[in-house]
Each structure stands twice: as C-alpha cells, then as structure tokens.
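Visitor: Sharing work-v2.cif, mmCIF, C-alpha atoms:
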data_work
#
loop_
_atom_site.label_atom_id
_atom_site.label_comp_id
_atom_site.auth_asym_id
_atom_site.auth_seq_id
_atom_site.Cartn_x
_atom_site.Cartn_y
_atom_site.Cartn_z
CA MET A 1173 0.00 0.00 0.00
CA ARG A 1174 1.38 3.44 -0.97
CA VAL A 1175 0.97 5.74 2.06
CA PHE A 1176 1.92 9.16 3.36
CA VAL A 1177 1.23 11.45 6.32
CA ALA A 1178 -0.08 14.93 5.52
CA ILE A 1179 -2.02 17.99 6.56
CA ASP A 1180 -5.30 18.50 4.74
CA ILE A 1181 -5.91 21.94 3.23
CA PRO A 1182 -9.11 23.77 4.34
CA GLU A 1183 -11.74 24.75 1.77
CA GLN A 1184 -10.98 28.49 1.75
CA VAL A 1185 -7.29 27.86 1.06
CA ARG A 1186 -8.21 25.23 -1.56
CA ALA A 1187 -10.23 27.91 -3.35
CA GLU A 1188 -7.25 30.28 -3.24
CA LEU A 1189 -5.01 27.56 -4.66
CA GLU A 1190 -7.56 26.78 -7.40
CA ALA A 1191 -7.53 30.48 -8.36
CA LEU A 1192 -3.73 30.30 -8.50
CA GLN A 1193 -3.91 27.14 -10.64
CA SER A 1194 -6.30 28.83 -13.06
CA GLU A 1195 -3.55 31.33 -13.92
CA LEU A 1196 -1.06 28.57 -14.73
CA THR A 1197 -1.59 27.70 -18.37
CA ILE A 1198 0.89 24.83 -18.60
CA GLY A 1199 1.23 21.44 -16.97
CA ARG A 1200 -1.38 19.38 -15.20
CA SER A 1201 -3.07 20.94 -12.17
CA VAL A 1202 -3.40 18.82 -9.05
CA PRO A 1203 -7.11 18.08 -8.44
CA SER A 1204 -8.55 20.13 -5.59
CA ASP A 1205 -9.29 16.99 -3.54
CA ASN A 1206 -5.59 16.07 -3.68
CA LEU A 1207 -4.20 19.35 -2.33
CA HIS A 1208 -2.28 18.59 0.86
CA LEU A 1209 0.98 19.31 2.69
CA THR A 1210 3.03 16.11 3.00
CA LEU A 1211 4.75 15.61 6.34
CA CYS A 1212 6.20 12.17 5.64
CA PHE A 1213 6.08 10.06 2.48
CA LEU A 1214 6.26 6.38 3.42
CA GLY A 1215 5.96 4.94 -0.09
CA GLU A 1216 4.94 1.34 -0.60
CA GLN A 1217 4.43 -0.42 2.73
CA PRO A 1218 3.04 -3.82 3.69
CA GLU A 1219 -0.30 -3.79 5.50
CA GLN A 1220 1.36 -4.69 8.83
CA ALA A 1221 3.67 -1.67 8.56
CA VAL A 1222 0.69 0.58 7.86
CA GLU A 1223 -0.95 -0.75 11.03
CA GLU A 1224 2.28 -0.06 12.98
CA ALA A 1225 2.33 3.47 11.53
CA HIS A 1226 -1.26 4.00 12.68
CA LEU A 1227 -0.44 2.82 16.20
CA ALA A 1228 2.63 5.07 16.39
CA LEU A 1229 0.73 8.10 15.12
CA SER A 1230 -2.21 7.43 17.46
CA VAL A 1231 -0.09 8.04 20.55
CA LEU A 1232 1.83 11.04 19.21
CA ARG A 1233 0.98 14.25 21.09
CA ALA A 1234 1.53 17.75 19.73
CA ALA A 1235 -0.19 21.11 19.91
CA ALA A 1236 -2.35 22.63 17.18
CA PHE A 1237 -0.85 25.64 15.41
CA ASP A 1238 -1.50 28.25 12.74
CA LEU A 1239 -0.04 27.98 9.24
CA GLN A 1240 0.04 30.11 6.11
CA LEU A 1241 0.99 29.45 2.50
CA ALA A 1242 3.31 32.18 1.22
CA GLY A 1243 4.93 32.40 -2.21
CA VAL A 1244 5.34 29.88 -5.00
CA GLY A 1245 8.26 27.76 -6.14
CA SER A 1246 9.30 24.82 -8.25
CA PHE A 1247 11.33 21.65 -8.08
CA GLY A 1248 13.67 21.04 -10.97
CA ASN A 1249 16.18 23.83 -11.45
CA ARG A 1250 16.45 24.50 -15.19
CA ALA A 1251 13.39 22.49 -16.16
CA PRO A 1252 10.67 22.67 -13.48
CA ARG A 1253 8.79 19.42 -12.93
CA VAL A 1254 6.60 20.54 -10.03
CA ILE A 1255 5.11 23.93 -9.21
CA PHE A 1256 4.01 24.49 -5.63
CA ALA A 1257 2.65 26.95 -3.11
CA ASP A 1258 5.34 27.54 -0.52
CA VAL A 1259 4.80 27.60 3.24
CA ALA A 1260 5.75 30.47 5.54
CA ARG A 1261 8.44 29.42 8.02
CA ASN A 1262 6.86 27.71 10.99
CA ALA A 1263 8.74 26.11 13.90
CA ASP A 1264 5.64 24.16 15.02
CA LEU A 1265 5.30 22.57 11.58
CA ALA A 1266 8.98 21.59 11.52
CA ALA A 1267 8.71 20.12 15.01
CA LEU A 1268 5.61 18.11 14.07
CA GLU A 1269 7.34 16.70 10.98
CA GLN A 1270 10.36 15.63 13.08
CA ARG A 1271 8.19 14.02 15.76
CA ILE A 1272 6.22 12.09 13.14
CA ALA A 1273 9.35 10.83 11.35
CA ARG A 1274 10.97 9.76 14.65
CA SER A 1275 7.80 7.99 15.81
CA LEU A 1276 7.48 6.08 12.56
CA ARG A 1277 11.14 5.04 12.54
CA ARG A 1278 10.86 3.87 16.18
CA ALA A 1279 7.84 1.81 15.10
CA GLY A 1280 10.10 0.04 12.60
CA LEU A 1281 8.99 1.66 9.36
CA GLN A 1282 11.57 2.00 6.61
CA PHE A 1283 11.26 5.01 4.31
CA GLU A 1284 13.48 7.40 2.43
CA LYS A 1285 14.87 10.22 4.53
CA ARG A 1286 14.37 13.50 2.68
CA ARG A 1287 15.06 17.08 3.65
CA PHE A 1288 11.71 18.53 4.73
CA ARG A 1289 10.63 21.27 2.34
CA PRO A 1290 7.01 22.05 3.24
CA HIS A 1291 4.87 22.88 0.21
CA VAL A 1292 1.56 22.16 -1.50
CA THR A 1293 2.00 20.86 -5.05
CA ILE A 1294 -0.37 22.69 -7.40
CA ALA A 1295 0.84 21.43 -10.82
CA ARG A 1296 3.10 18.89 -12.48
CA LEU A 1297 4.93 19.58 -15.73
CA PRO A 1298 5.95 17.06 -18.39
CA ARG A 1299 9.56 15.89 -18.62
CA ALA A 1300 10.25 17.77 -21.83
CA VAL A 1301 8.92 21.31 -21.52
CA PRO A 1302 9.20 23.40 -24.73
CA PRO A 1303 11.14 26.66 -24.26
CA SER A 1304 7.98 28.76 -24.68
CA GLU A 1305 6.24 26.87 -21.86
CA LEU A 1306 9.37 27.05 -19.73
CA ALA A 1307 9.22 30.83 -20.11
CA MET A 1308 5.53 30.76 -19.07
CA ALA A 1309 6.42 28.74 -15.96
CA ARG A 1310 9.15 31.23 -15.02
CA ASP A 1311 6.76 34.15 -15.60
CA PHE A 1312 4.12 32.48 -13.42
CA LEU A 1313 6.64 31.97 -10.61
CA ALA A 1314 7.82 35.59 -10.83
CA ASP A 1315 4.28 37.01 -11.06
CA HIS A 1316 3.07 35.05 -8.01
CA ALA A 1317 6.14 35.27 -5.77
CA ALA A 1318 4.13 37.42 -3.34
CA PHE A 1319 1.20 34.94 -3.10
CA LYS A 1320 -0.25 34.74 0.41
CA GLY A 1321 -2.91 32.26 1.37
CA SER A 1322 -5.31 32.80 4.25
CA PRO A 1323 -3.84 31.68 7.58
CA PHE A 1324 -5.44 28.51 8.89
CA ARG A 1325 -5.42 26.37 12.01
CA VAL A 1326 -3.77 22.96 11.78
CA ALA A 1327 -5.86 20.94 14.22
CA ASP A 1328 -5.02 17.47 12.88
CA PHE A 1329 -2.91 15.46 10.46
CA ARG A 1330 -3.81 12.35 8.50
CA LEU A 1331 -2.54 9.02 7.26
CA TYR A 1332 -3.42 8.66 3.57
CA ARG A 1333 -3.39 5.84 1.05
CA SER A 1334 -2.52 6.86 -2.50
CA VAL A 1335 -3.58 4.85 -5.53
CA LEU A 1336 -1.93 5.88 -8.80
CA THR A 1337 -4.15 6.04 -11.88
CA PRO A 1338 -3.41 7.32 -15.41
CA ARG A 1339 -5.34 10.56 -14.74
CA ALA A 1340 -4.27 11.36 -11.17
CA ALA A 1341 -3.53 9.78 -7.83
CA LEU A 1342 -6.55 8.94 -5.68
CA HIS A 1343 -6.06 9.76 -2.00
CA ASP A 1344 -8.08 8.11 0.76
CA THR A 1345 -7.84 9.09 4.42
CA LEU A 1346 -7.02 6.00 6.47
CA ALA A 1347 -6.92 7.81 9.84
CA CYS A 1348 -7.05 11.30 11.31
CA TYR A 1349 -5.01 12.34 14.38
CA ARG A 1350 -6.11 15.36 16.43
CA LEU A 1351 -3.64 17.91 17.71
CA ALA A 1352 -4.17 19.36 21.19
CA GLU A 1353 -5.73 22.81 21.68
CA PHE A 1354 -4.30 24.73 24.61
#
Using structure tokens, write down the structure from this file.

Guide:
Amino acid sequence: MRVFVAIDIPEQVRAELEALQSELTIGRSVPSDNLHLTLCFLGEQPEQAVEEAHLALSVLRAAAFDLQLAGVGSFGNRAPRVIFADVARNADLAALEQRIARSLRRAGLQFEKRRFRPHVTIARLPRAVPPSELAMARDFLADHAAFKGSPFRVADFRLYRSVLTPRAALHDTLACYRLAEF
C-alpha cells in the first residue's frame, strides 16, 4: 500500500489555490481533492507496517498551530517538474514533521529520509517542456512570488493511502489524528 502522512488543506485555502492554478496555463493541475501538505512520504508499505504506523501516530501528542501558505516555487532547477505553493516558516510545523518521522522510525517503518521542504503541489509539468512553456512557468513563478494564502489552524494530520491512476492519484484518508488545543 502506498501511504503518506499529511495535513489536509481547508476549503478556503483550496479555493485560493484553485484560483492560482487557473492562472497557470501549462502542466497538469493537481485536483482540488488532492491538495495537501506532505509531512512524511512512506511509499509502498506492507499492511502490517501501515498498522504499525497507525499505532505510532495514534499516541503522538503535539499542539495545534497556525499555518500560512506564502509564495510559490518549483522543483527542478532548469526544467521545473513541479510547481508548488510555498509555506511560511513555521517552527511548530517543523517540530511536528520531526516528531512524526521519529515515531514512525521507532515503530520500525523504513522510508526514504528527505530534507523537509514544506509545500503544496499545485501542478506537475511534463519531462520535456518546450522553451515557450518554460518561459511561461518562469513568468508564473515571478508574477506570483508574493502569493499569500489565508492563515489557517492545523488541528489534525492524517494518514493517507494513494492509488496511482493514469489521470491522477486517488487519496483516501485512512486515519485522522487530532492535535491538542491549549
């Protein structure tokens, strides 16, 4: 089972991201239902490991916090492959990501260790982008560098299953874990 841990995006911020996507005339927009902020990508895991992940995440305790999307960026230096909404620096988010990764490793899960770069993917570009479209991507990034989403409260995080299809990945919530309000 292909799984990941993420923060769901609230409806108002989804609408803001959809408006941003509507101005991007190249690539393939991520469906609104799939907009999320990945905390930990676990990849393909056996069912028993997914159950261990659920148990580890069920006992994790952390406080709720506020978050804001700010700016846009891309992965893939000369030829962008992914365009995303960036996240304003947030110590609580970084701490939550570290606690989740540690808990999952202690539970015995094996997954690729990646530098945490919080973002919400809004579009994917093909491998070979024509120069004219590459220029459009760069213009989009420059024109929307000052993007600011509405601040929102992160009151939970989720364990998702992802099923890849030719059109898009289908994401199902397997479990939701509440964060404490103080």

Visitor: Compile the contact shell of Pro1303 in chain A as a PyMOL selection string: residues with an atom at most 12 Å away, counting all atoms listed in the file, same-chain residues fewer than 3 positions apart removed.

Guide: chain A and resi 1198+1250-1252+1300+1306-1310

Visitor: Please provide the set of residues having any atom within 9 Å of Ala1317 in chain A, restricted to all atoms listed in the file, with same-chain residues fewer than 5 positions apart removed, written as a list in words.

Guide: Ala1242, Gly1243, Val1244, Gly1245 and Phe1312 of chain A

Visitor: With C-alpha atoms retained, could you export that selection as a PDB file, in the frame of the given file?

Guide:
ATOM      1  CA  ALA A1242       3.310  32.180   1.220  1.00  0.00           C
ATOM      2  CA  GLY A1243       4.930  32.400  -2.210  1.00  0.00           C
ATOM      3  CA  VAL A1244       5.340  29.880  -5.000  1.00  0.00           C
ATOM      4  CA  GLY A1245       8.260  27.760  -6.140  1.00  0.00           C
ATOM      5  CA  PHE A1312       4.120  32.480 -13.420  1.00  0.00           C
TER       6      PHE A1312
END

Visitor: To one decimal in Å, tell me the separation between CA of Val1177 in chain A and CA of Phe1329 in chain A.

Guide: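 So the answer is 7.1 Å.
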
Visitor: Record the distance separating CA of Asp1311 in chain A and CA of Ala1257 in chain A, expressed in Å with one decimal.

Guide: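 Pair CA of Asp1311 in chain A / CA of Ala1257 in chain A returns 15.0 Å.
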
Visitor: Which is closest to Phe1319 in chain A among A:Asp1264, A:Glu1219, A:Asp1344, A:Glu1188, if we use only C-alpha atoms?

Guide: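 Checking each of A:Asp1264, A:Glu1219, A:Asp1344, A:Glu1188 against Phe1319 in chain A, counting only C-alpha atoms, the winner is A:Glu1188.
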
Visitor: List the spatial neighbours of Gly1280 in chain A as number ranges by chain - criterion: any atom at most 8 Å away, all atoms listed in the file, same-chain residues fewer than 4 positions off excluded.

Guide: A: 1221, 1224, 1276

Visitor: Which residues fall under the PyMOL selection byres ((chain A and resi 1281-1294) around 8) in this file, as a PyMOL selection string?

Guide: chain A and resi 1189+1193+1201-1202+1207-1211+1213-1215+1221+1224-1225+1241+1254-1259+1266+1269+1276-1280+1295-1296

Visitor: Edge lengths and centre, in Å to one decimal, as JSON: that's what I need for the box along x, y and z that holds all listed atoms of range 1252-1258 of chain A plus 6 Å on each side.

Guide:
{"center_x": 6.7, "center_y": 23.5, "center_z": -7.0, "size_x": 20.0, "size_y": 20.1, "size_z": 25.0}

Visitor: In Å to one decimal, how far is CA of Glu1195 in chain A from CA of Pro1302 in chain A?

Guide: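 Between these atoms lies a distance of 18.5 Å.
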
Visitor: Determine the residue set returned by the PyMOL selection byres ((chain A and resi 1184) around 12) for the present structure, and present it as a count of residues only.

Guide: 18

Visitor: Find, counting only C-alpha atoms, the residue in A:His1226, A:Arg1200, A:Arg1174, A:Arg1299 that gets nearest to Ile1272 in chain A.

Guide: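 Looking at the shortest contact to Ile1272 in chain A, the residue is A:His1226.
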
Visitor: Using all atoms listed in the file, which of the listed residues (A:Leu1342, A:Val1175, A:Cys1348, A:Val1301) sits closest to Ser1230 in chain A?

Guide: A:Cys1348

Visitor: Show which residues sit within 8 Å of Thr1345 in chain A, as number ranges by chain. Count all atoms listed in the file, and ignore same-chain residues fewer than 6 positions away.

Guide: A: 1330-1333

Visitor: Complete the atom set of range 1227-1247 of chain A to N, CA and C atoms and return it as a PDB file, keeping the file's coordinate frame.

Guide:
ATOM      1  N   LEU A1227      -0.604   2.898  14.745  1.00  0.00           N
ATOM      2  CA  LEU A1227      -0.440   2.820  16.200  1.00  0.00           C
ATOM      3  C   LEU A1227       0.535   3.877  16.701  1.00  0.00           C
ATOM      4  N   ALA A1228       1.639   4.064  15.992  1.00  0.00           N
ATOM      5  CA  ALA A1228       2.630   5.070  16.390  1.00  0.00           C
ATOM      6  C   ALA A1228       2.050   6.480  16.326  1.00  0.00           C
ATOM      7  N   LEU A1229       1.302   6.772  15.277  1.00  0.00           N
ATOM      8  CA  LEU A1229       0.730   8.100  15.120  1.00  0.00           C
ATOM      9  C   LEU A1229      -0.409   8.353  16.108  1.00  0.00           C
ATOM     10  N   SER A1230      -1.094   7.304  16.516  1.00  0.00           N
ATOM     11  CA  SER A1230      -2.210   7.430  17.460  1.00  0.00           C
ATOM     12  C   SER A1230      -1.778   7.930  18.825  1.00  0.00           C
ATOM     13  N   VAL A1231      -0.556   7.640  19.213  1.00  0.00           N
ATOM     14  CA  VAL A1231      -0.090   8.040  20.550  1.00  0.00           C
ATOM     15  C   VAL A1231       0.770   9.309  20.508  1.00  0.00           C
ATOM     16  N   LEU A1232       1.031   9.831  19.328  1.00  0.00           N
ATOM     17  CA  LEU A1232       1.830  11.040  19.210  1.00  0.00           C
ATOM     18  C   LEU A1232       1.031  12.241  19.713  1.00  0.00           C
ATOM     19  N   ARG A1233       1.649  13.067  20.545  1.00  0.00           N
ATOM     20  CA  ARG A1233       0.980  14.250  21.090  1.00  0.00           C
ATOM     21  C   ARG A1233       1.721  15.502  20.652  1.00  0.00           C
ATOM     22  N   ALA A1234       0.973  16.454  20.137  1.00  0.00           N
ATOM     23  CA  ALA A1234       1.530  17.750  19.730  1.00  0.00           C
ATOM     24  C   ALA A1234       0.400  18.767  19.779  1.00  0.00           C
ATOM     25  N   ALA A1235       0.782  20.031  19.833  1.00  0.00           N
ATOM     26  CA  ALA A1235      -0.190  21.110  19.910  1.00  0.00           C
ATOM     27  C   ALA A1235      -0.609  21.570  18.521  1.00  0.00           C
ATOM     28  N   ALA A1236      -1.855  22.008  18.407  1.00  0.00           N
ATOM     29  CA  ALA A1236      -2.350  22.630  17.180  1.00  0.00           C
ATOM     30  C   ALA A1236      -1.601  23.941  16.961  1.00  0.00           C
ATOM     31  N   PHE A1237      -1.574  24.406  15.725  1.00  0.00           N
ATOM     32  CA  PHE A1237      -0.850  25.640  15.410  1.00  0.00           C
ATOM     33  C   PHE A1237      -1.435  26.277  14.164  1.00  0.00           C
ATOM     34  N   ASP A1238      -1.043  27.523  13.919  1.00  0.00           N
ATOM     35  CA  ASP A1238      -1.500  28.250  12.740  1.00  0.00           C
ATOM     36  C   ASP A1238      -0.453  28.150  11.640  1.00  0.00           C
ATOM     37  N   LEU A1239      -0.921  28.147  10.396  1.00  0.00           N
ATOM     38  CA  LEU A1239      -0.040  27.980   9.240  1.00  0.00           C
ATOM     39  C   LEU A1239      -0.516  28.892   8.119  1.00  0.00           C
ATOM     40  N   GLN A1240       0.402  29.286   7.259  1.00  0.00           N
ATOM     41  CA  GLN A1240       0.040  30.110   6.110  1.00  0.00           C
ATOM     42  C   GLN A1240       0.897  29.725   4.912  1.00  0.00           C
ATOM     43  N   LEU A1241       0.266  29.644   3.756  1.00  0.00           N
ATOM     44  CA  LEU A1241       0.990  29.450   2.500  1.00  0.00           C
ATOM     45  C   LEU A1241       1.481  30.823   2.054  1.00  0.00           C
ATOM     46  N   ALA A1242       2.727  30.894   1.598  1.00  0.00           N
ATOM     47  CA  ALA A1242       3.310  32.180   1.220  1.00  0.00           C
ATOM     48  C   ALA A1242       4.326  31.973   0.106  1.00  0.00           C
ATOM     49  N   GLY A1243       4.024  32.499  -1.079  1.00  0.00           N
ATOM     50  CA  GLY A1243       4.930  32.400  -2.210  1.00  0.00           C
ATOM     51  C   GLY A1243       4.686  31.151  -3.027  1.00  0.00           C
ATOM     52  N   VAL A1244       5.390  31.054  -4.135  1.00  0.00           N
ATOM     53  CA  VAL A1244       5.340  29.880  -5.000  1.00  0.00           C
ATOM     54  C   VAL A1244       6.769  29.473  -5.333  1.00  0.00           C
ATOM     55  N   GLY A1245       6.933  28.245  -5.764  1.00  0.00           N
ATOM     56  CA  GLY A1245       8.260  27.760  -6.140  1.00  0.00           C
ATOM     57  C   GLY A1245       8.138  26.570  -7.062  1.00  0.00           C
ATOM     58  N   SER A1246       9.294  25.990  -7.372  1.00  0.00           N
ATOM     59  CA  SER A1246       9.300  24.820  -8.250  1.00  0.00           C
ATOM     60  C   SER A1246      10.441  23.897  -7.867  1.00  0.00           C
ATOM     61  N   PHE A1247      10.259  22.644  -8.203  1.00  0.00           N
ATOM     62  CA  PHE A1247      11.330  21.650  -8.080  1.00  0.00           C
ATOM     63  C   PHE A1247      11.797  21.338  -9.486  1.00  0.00           C
TER      64      PHE A1247
END
